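Trainee: Just start-v1.cif, nothing more (mmCIF, N, CA and C atoms):
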data_final
#
loop_
_atom_site.label_atom_id
_atom_site.label_comp_id
_atom_site.auth_asym_id
_atom_site.auth_seq_id
_atom_site.Cartn_x
_atom_site.Cartn_y
_atom_site.Cartn_z
N GLU A 1 4.48 219.12 68.01
CA GLU A 1 4.92 220.48 67.86
C GLU A 1 5.34 220.74 66.42
N ILE A 2 5.09 221.91 65.99
CA ILE A 2 5.41 222.31 64.62
C ILE A 2 6.92 222.43 64.44
N ALA A 3 7.57 223.05 65.41
CA ALA A 3 9.00 223.31 65.33
C ALA A 3 9.52 223.57 66.74
N PRO A 4 10.83 223.44 66.93
CA PRO A 4 11.36 223.69 68.27
C PRO A 4 11.38 225.18 68.65
N ASP A 5 11.40 226.07 67.65
CA ASP A 5 11.49 227.49 67.98
C ASP A 5 10.13 228.17 67.88
N LEU A 6 9.90 229.10 68.78
CA LEU A 6 8.61 229.78 68.88
C LEU A 6 8.28 230.56 67.62
N ALA A 7 9.25 231.22 67.02
CA ALA A 7 8.98 232.04 65.84
C ALA A 7 8.38 231.19 64.72
N THR A 8 8.94 230.02 64.48
CA THR A 8 8.41 229.14 63.44
C THR A 8 7.03 228.64 63.82
N GLN A 9 6.84 228.27 65.07
CA GLN A 9 5.52 227.82 65.52
C GLN A 9 4.46 228.88 65.23
N LEU A 10 4.75 230.11 65.59
CA LEU A 10 3.78 231.19 65.40
C LEU A 10 3.56 231.50 63.93
N THR A 11 4.62 231.47 63.14
CA THR A 11 4.50 231.73 61.70
C THR A 11 3.62 230.70 61.03
N VAL A 12 3.87 229.43 61.32
CA VAL A 12 3.07 228.35 60.71
C VAL A 12 1.62 228.43 61.16
N LEU A 13 1.39 228.62 62.45
CA LEU A 13 0.02 228.73 62.95
C LEU A 13 -0.71 229.90 62.27
N SER A 14 -0.03 231.01 62.12
CA SER A 14 -0.63 232.17 61.49
C SER A 14 -0.97 231.88 60.03
N LYS A 15 -0.04 231.27 59.29
CA LYS A 15 -0.28 230.93 57.89
C LYS A 15 -1.45 229.96 57.73
N LEU A 16 -1.57 229.03 58.68
CA LEU A 16 -2.66 228.05 58.63
C LEU A 16 -3.97 228.60 59.23
N LYS A 17 -3.89 229.84 59.72
CA LYS A 17 -5.05 230.51 60.33
C LYS A 17 -5.56 229.79 61.58
N PHE A 18 -4.63 229.18 62.31
CA PHE A 18 -4.96 228.59 63.61
C PHE A 18 -4.90 229.73 64.62
N PRO A 19 -5.92 229.91 65.42
CA PRO A 19 -5.96 231.04 66.34
C PRO A 19 -5.24 230.82 67.67
N ALA A 20 -4.79 229.58 67.93
CA ALA A 20 -4.27 229.29 69.27
C ALA A 20 -3.11 228.31 69.24
N LEU A 21 -2.34 228.36 70.31
CA LEU A 21 -1.15 227.54 70.48
C LEU A 21 -1.27 226.74 71.77
N ASP A 22 -0.97 225.44 71.69
CA ASP A 22 -0.81 224.62 72.90
C ASP A 22 0.67 224.73 73.25
N LEU A 23 1.00 225.43 74.30
CA LEU A 23 2.39 225.72 74.65
C LEU A 23 3.00 224.56 75.43
N ARG A 24 4.02 223.94 74.83
CA ARG A 24 4.70 222.81 75.45
C ARG A 24 6.20 223.08 75.58
N ASN A 25 6.80 223.48 74.47
CA ASN A 25 8.24 223.77 74.42
C ASN A 25 8.46 225.09 73.69
N VAL A 26 9.47 225.82 74.13
CA VAL A 26 9.84 227.09 73.49
C VAL A 26 11.34 227.08 73.29
N ASP A 27 11.73 227.11 72.05
CA ASP A 27 13.15 227.15 71.71
C ASP A 27 13.93 226.03 72.41
N GLY A 28 13.35 224.83 72.41
CA GLY A 28 13.99 223.66 72.99
C GLY A 28 13.87 223.55 74.50
N LYS A 29 13.11 224.43 75.11
CA LYS A 29 12.98 224.46 76.57
C LYS A 29 11.54 224.12 76.96
N ASN A 30 11.37 223.18 77.87
CA ASN A 30 10.03 222.83 78.35
C ASN A 30 9.40 224.03 79.02
N VAL A 31 8.10 224.18 78.83
CA VAL A 31 7.38 225.33 79.38
C VAL A 31 7.59 225.48 80.88
N MET A 32 7.74 224.38 81.60
CA MET A 32 7.94 224.45 83.05
C MET A 32 9.30 225.03 83.42
N ALA A 33 10.24 225.04 82.48
CA ALA A 33 11.58 225.57 82.76
C ALA A 33 11.70 227.05 82.40
N LEU A 34 10.65 227.64 81.85
CA LEU A 34 10.70 229.04 81.47
C LEU A 34 10.62 229.96 82.68
N SER A 35 11.37 231.03 82.63
CA SER A 35 11.27 232.06 83.68
C SER A 35 10.02 232.90 83.43
N ASP A 36 9.65 233.70 84.41
CA ASP A 36 8.50 234.60 84.24
C ASP A 36 8.72 235.52 83.04
N ASP A 37 9.93 236.07 82.91
CA ASP A 37 10.22 236.96 81.78
C ASP A 37 10.10 236.23 80.45
N GLU A 38 10.56 234.99 80.40
CA GLU A 38 10.44 234.22 79.16
C GLU A 38 8.97 233.96 78.81
N VAL A 39 8.16 233.66 79.80
CA VAL A 39 6.73 233.44 79.55
C VAL A 39 6.08 234.74 79.05
N ARG A 40 6.44 235.85 79.64
CA ARG A 40 5.90 237.14 79.19
C ARG A 40 6.28 237.42 77.74
N ARG A 41 7.53 237.10 77.37
CA ARG A 41 7.98 237.29 75.99
C ARG A 41 7.21 236.39 75.03
N VAL A 42 6.96 235.15 75.46
CA VAL A 42 6.16 234.24 74.63
C VAL A 42 4.79 234.86 74.37
N LYS A 43 4.16 235.35 75.42
CA LYS A 43 2.83 235.95 75.28
C LYS A 43 2.88 237.17 74.37
N GLU A 44 3.89 238.00 74.52
CA GLU A 44 4.02 239.19 73.67
C GLU A 44 4.15 238.79 72.20
N HIS A 45 5.01 237.81 71.91
CA HIS A 45 5.20 237.35 70.52
C HIS A 45 3.91 236.74 69.98
N ALA A 46 3.23 235.96 70.80
CA ALA A 46 1.98 235.35 70.37
C ALA A 46 0.94 236.44 70.10
N ASP A 47 0.84 237.42 70.98
CA ASP A 47 -0.11 238.51 70.79
C ASP A 47 0.15 239.25 69.48
N VAL A 48 1.40 239.55 69.21
CA VAL A 48 1.77 240.25 67.97
C VAL A 48 1.38 239.42 66.75
N SER A 49 1.48 238.11 66.86
CA SER A 49 1.13 237.20 65.76
C SER A 49 -0.37 236.94 65.66
N GLY A 50 -1.12 237.43 66.63
CA GLY A 50 -2.56 237.19 66.64
C GLY A 50 -2.92 235.78 67.08
N ILE A 51 -2.01 235.15 67.80
CA ILE A 51 -2.20 233.78 68.30
C ILE A 51 -2.33 233.85 69.82
N ARG A 52 -3.30 233.13 70.37
CA ARG A 52 -3.41 233.09 71.83
C ARG A 52 -2.88 231.75 72.34
N VAL A 53 -2.35 231.77 73.54
CA VAL A 53 -1.93 230.53 74.19
C VAL A 53 -3.21 229.95 74.81
N GLN A 54 -3.66 228.80 74.28
CA GLN A 54 -4.92 228.25 74.76
C GLN A 54 -4.74 227.27 75.91
N CYS A 55 -3.60 226.61 75.98
CA CYS A 55 -3.35 225.69 77.08
C CYS A 55 -1.87 225.37 77.16
N LEU A 56 -1.48 224.75 78.25
CA LEU A 56 -0.11 224.32 78.45
C LEU A 56 -0.03 222.81 78.37
N GLY A 57 0.97 222.31 77.66
CA GLY A 57 1.24 220.88 77.64
C GLY A 57 2.27 220.61 78.73
N LEU A 58 1.84 220.04 79.83
CA LEU A 58 2.68 219.95 81.02
C LEU A 58 3.10 218.52 81.35
N PRO A 59 4.30 218.38 81.90
CA PRO A 59 4.75 217.08 82.38
C PRO A 59 4.35 216.84 83.84
N ILE A 60 3.13 217.21 84.20
CA ILE A 60 2.64 217.06 85.57
C ILE A 60 1.99 215.68 85.70
N GLY A 61 2.30 214.99 86.78
CA GLY A 61 1.68 213.69 87.05
C GLY A 61 2.23 212.55 86.22
N LYS A 62 3.39 212.73 85.66
CA LYS A 62 3.98 211.70 84.80
C LYS A 62 5.19 211.05 85.48
N LEU A 63 5.02 210.72 86.75
CA LEU A 63 6.08 210.06 87.50
C LEU A 63 5.45 209.14 88.53
N PRO A 64 6.22 208.20 89.02
CA PRO A 64 5.67 207.28 90.03
C PRO A 64 5.21 208.04 91.27
N LEU A 65 4.16 207.54 91.91
CA LEU A 65 3.64 208.20 93.11
C LEU A 65 4.69 208.37 94.20
N ALA A 66 5.61 207.44 94.30
CA ALA A 66 6.66 207.54 95.31
C ALA A 66 7.54 208.77 95.10
N ASP A 67 7.56 209.31 93.88
CA ASP A 67 8.39 210.47 93.56
C ASP A 67 7.57 211.75 93.45
N ALA A 68 6.32 211.73 93.89
CA ALA A 68 5.39 212.83 93.64
C ALA A 68 5.42 213.94 94.69
N ALA A 69 6.33 213.93 95.62
CA ALA A 69 6.33 214.94 96.68
C ALA A 69 6.44 216.37 96.15
N GLY A 70 7.13 216.56 95.06
CA GLY A 70 7.29 217.91 94.51
C GLY A 70 6.18 218.36 93.58
N GLU A 71 5.23 217.50 93.31
CA GLU A 71 4.18 217.84 92.35
C GLU A 71 3.31 219.03 92.76
N PRO A 72 2.92 219.20 94.03
CA PRO A 72 2.11 220.38 94.37
C PRO A 72 2.82 221.70 94.02
N ALA A 73 4.11 221.79 94.28
CA ALA A 73 4.85 223.00 93.94
C ALA A 73 4.93 223.18 92.43
N ARG A 74 5.13 222.10 91.71
CA ARG A 74 5.17 222.18 90.24
C ARG A 74 3.81 222.59 89.69
N LEU A 75 2.75 222.10 90.30
CA LEU A 75 1.41 222.47 89.86
C LEU A 75 1.14 223.96 90.10
N ARG A 76 1.58 224.46 91.25
CA ARG A 76 1.44 225.90 91.52
C ARG A 76 2.21 226.72 90.49
N ARG A 77 3.40 226.26 90.14
CA ARG A 77 4.20 226.96 89.12
C ARG A 77 3.48 226.92 87.76
N ALA A 78 2.89 225.79 87.43
CA ALA A 78 2.16 225.67 86.17
C ALA A 78 0.99 226.66 86.12
N VAL A 79 0.29 226.83 87.23
CA VAL A 79 -0.81 227.79 87.28
C VAL A 79 -0.28 229.21 87.06
N GLU A 80 0.85 229.53 87.63
CA GLU A 80 1.44 230.85 87.45
C GLU A 80 1.86 231.05 85.98
N ILE A 81 2.45 230.04 85.37
CA ILE A 81 2.83 230.13 83.95
C ILE A 81 1.59 230.35 83.10
N ALA A 82 0.53 229.61 83.38
CA ALA A 82 -0.72 229.76 82.62
C ALA A 82 -1.25 231.18 82.76
N ARG A 83 -1.20 231.72 83.96
CA ARG A 83 -1.68 233.09 84.19
C ARG A 83 -0.84 234.09 83.38
N LEU A 84 0.48 233.94 83.43
CA LEU A 84 1.37 234.85 82.70
C LEU A 84 1.19 234.72 81.19
N ALA A 85 0.90 233.53 80.72
CA ALA A 85 0.72 233.29 79.28
C ALA A 85 -0.66 233.72 78.79
N GLY A 86 -1.54 234.04 79.72
CA GLY A 86 -2.87 234.52 79.35
C GLY A 86 -3.89 233.43 79.13
N THR A 87 -3.64 232.26 79.68
CA THR A 87 -4.62 231.18 79.56
C THR A 87 -5.02 230.71 80.96
N ALA A 88 -6.21 230.18 81.04
CA ALA A 88 -6.70 229.67 82.33
C ALA A 88 -6.68 228.15 82.35
N ARG A 89 -6.09 227.52 81.36
CA ARG A 89 -6.08 226.06 81.27
C ARG A 89 -4.73 225.50 81.58
#
Would it be possible to restate this file's structure as structure tokens?

Mentor:
Amino acid sequence: EIAPDLATQLTVLSKLKFPALDLRNVDGKNVMALSDDEVRRVKEHADVSGIRVQCLGLPIGKLPLADAAGEPARLRRAVEIARLAGTAR
């Protein structure tokens, strides 16, 4: 990640003429912990900067199988975040 805060991430990407952001953390918060409103704000800021969210960097599947019971719900949430952020990945 370029920086912990979204504004710096978008500024640097814009200056470097990178058209897209891999969204992992926003202002010190993991993408999976963002509310719907926070994801919408991320998309709005990215749109204003001319940067698209191309994919999500997710902590899905990074735990022992014995602890994986909650993964389907987390995966559904990840799909919803991707939809709100404007990416299909």

Trainee: Take the PyMOL selection byres ((chain A and resi 81-87) around 6), run it mentally on this structure, and tell me the resulting residues as a list in words.

Mentor: Val39, Arg40, Lys43, Val53, Gln54, Cys55, Arg77, Ala78, Val79, Glu80, Ala88 and Arg89 of chain A

Trainee: Record the distance separating CA of Arg74 in chain A and atom C of Ile2 in chain A, expressed in Å with one decimal.

Mentor: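 Atom C of Ile2 in chain A lies 25.9 Å from CA of Arg74 in chain A.
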
Trainee: For Asn25 in chain A, list every protein, DNA or RNA residue within 10 Å, evaluated using only C-alpha atoms, and leave out those in the same chain fewer than 2 positions away; present the list as a PDB file with N, CA and C atoms, keeping the file's coordinate frame.

Mentor:
ATOM      1  N   GLU A   1       4.480 219.120  68.010  1.00  0.00           N
ATOM      2  CA  GLU A   1       4.920 220.480  67.860  1.00  0.00           C
ATOM      3  C   GLU A   1       5.340 220.740  66.420  1.00  0.00           C
ATOM      4  N   ALA A   3       7.570 223.050  65.410  1.00  0.00           N
ATOM      5  CA  ALA A   3       9.000 223.310  65.330  1.00  0.00           C
ATOM      6  C   ALA A   3       9.520 223.570  66.740  1.00  0.00           C
ATOM      7  N   PRO A   4      10.830 223.440  66.930  1.00  0.00           N
ATOM      8  CA  PRO A   4      11.360 223.690  68.270  1.00  0.00           C
ATOM      9  C   PRO A   4      11.380 225.180  68.650  1.00  0.00           C
ATOM     10  N   ASP A   5      11.400 226.070  67.650  1.00  0.00           N
ATOM     11  CA  ASP A   5      11.490 227.490  67.980  1.00  0.00           C
ATOM     12  C   ASP A   5      10.130 228.170  67.880  1.00  0.00           C
ATOM     13  N   LEU A   6       9.900 229.100  68.780  1.00  0.00           N
ATOM     14  CA  LEU A   6       8.610 229.780  68.880  1.00  0.00           C
ATOM     15  C   LEU A   6       8.280 230.560  67.620  1.00  0.00           C
ATOM     16  N   ASP A  22      -0.970 225.440  71.690  1.00  0.00           N
ATOM     17  CA  ASP A  22      -0.810 224.620  72.900  1.00  0.00           C
ATOM     18  C   ASP A  22       0.670 224.730  73.250  1.00  0.00           C
ATOM     19  N   LEU A  23       1.000 225.430  74.300  1.00  0.00           N
ATOM     20  CA  LEU A  23       2.390 225.720  74.650  1.00  0.00           C
ATOM     21  C   LEU A  23       3.000 224.560  75.430  1.00  0.00           C
ATOM     22  N   ASP A  27      11.730 227.110  72.050  1.00  0.00           N
ATOM     23  CA  ASP A  27      13.150 227.150  71.710  1.00  0.00           C
ATOM     24  C   ASP A  27      13.930 226.030  72.410  1.00  0.00           C
ATOM     25  N   GLY A  28      13.350 224.830  72.410  1.00  0.00           N
ATOM     26  CA  GLY A  28      13.990 223.660  72.990  1.00  0.00           C
ATOM     27  C   GLY A  28      13.870 223.550  74.500  1.00  0.00           C
ATOM     28  N   LYS A  29      13.110 224.430  75.110  1.00  0.00           N
ATOM     29  CA  LYS A  29      12.980 224.460  76.570  1.00  0.00           C
ATOM     30  C   LYS A  29      11.540 224.120  76.960  1.00  0.00           C
ATOM     31  N   ASN A  30      11.370 223.180  77.870  1.00  0.00           N
ATOM     32  CA  ASN A  30      10.030 222.830  78.350  1.00  0.00           C
ATOM     33  C   ASN A  30       9.400 224.030  79.020  1.00  0.00           C
ATOM     34  N   VAL A  31       8.100 224.180  78.830  1.00  0.00           N
ATOM     35  CA  VAL A  31       7.380 225.330  79.380  1.00  0.00           C
ATOM     36  C   VAL A  31       7.590 225.480  80.880  1.00  0.00           C
ATOM     37  N   MET A  32       7.740 224.380  81.600  1.00  0.00           N
ATOM     38  CA  MET A  32       7.940 224.450  83.050  1.00  0.00           C
ATOM     39  C   MET A  32       9.300 225.030  83.420  1.00  0.00           C
ATOM     40  N   ALA A  33      10.240 225.040  82.480  1.00  0.00           N
ATOM     41  CA  ALA A  33      11.580 225.570  82.760  1.00  0.00           C
ATOM     42  C   ALA A  33      11.700 227.050  82.400  1.00  0.00           C
ATOM     43  N   LEU A  34      10.650 227.640  81.850  1.00  0.00           N
ATOM     44  CA  LEU A  34      10.700 229.040  81.470  1.00  0.00           C
ATOM     45  C   LEU A  34      10.620 229.960  82.680  1.00  0.00           C
ATOM     46  N   LEU A  56      -1.480 224.750  78.250  1.00  0.00           N
ATOM     47  CA  LEU A  56      -0.110 224.320  78.450  1.00  0.00           C
ATOM     48  C   LEU A  56      -0.030 222.810  78.370  1.00  0.00           C
ATOM     49  N   GLY A  57       0.970 222.310  77.660  1.00  0.00           N
ATOM     50  CA  GLY A  57       1.240 220.880  77.640  1.00  0.00           C
ATOM     51  C   GLY A  57       2.270 220.610  78.730  1.00  0.00           C
ATOM     52  N   LEU A  58       1.840 220.040  79.830  1.00  0.00           N
ATOM     53  CA  LEU A  58       2.680 219.950  81.020  1.00  0.00           C
ATOM     54  C   LEU A  58       3.100 218.520  81.350  1.00  0.00           C
TER      55      LEU A  58
END

Trainee: So how many Å separate atom N of Ala20 in chain A and CA of Arg52 in chain A, to one decimal?

Mentor: 5.4 Å

Trainee: Grab the CA of Leu21 in chain A to atom N of Gln9 in chain A distance for me, in Å with one decimal place.

Mentor: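 A separation of 9.7 Å between them.
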
Trainee: Which is closer to Phe18 in chain A than all the others in A:Ala69, A:Glu38, A:Gly50, A:Glu44, using all atoms listed in the file?

Mentor: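 Result for the nearest residue to Phe18 in chain A: A:Gly50.
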
Trainee: Residues of chain A in helix (DSSP H, G or I) according to DSSP, as a PyMOL selection string?

Mentor: chain A and resi 6-15+31-33+36-49+65-85

Trainee: Hey, which of A:Pro59, A:Ala7, A:Ser14, A:Asp47 ends up closest to Val26 in chain A? Count all atoms listed in the file.

Mentor: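 Checking each of A:Pro59, A:Ala7, A:Ser14, A:Asp47 against Val26 in chain A, counting all atoms listed in the file, the winner is A:Ala7.
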
Trainee: Once DSSP has gone over the backbone, tell me which residues of chain A are in strand (DSSP E), as a list of chain:residue names.

Mentor: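 Listing strand (DSSP E) positions across chain A yields A:Ala20, A:Leu21, A:Asp22, A:Leu23, A:Asn25, A:Val26, A:Lys29, A:Asn30, A:Arg52, A:Val53, A:Gln54, A:Cys55, A:Leu56.
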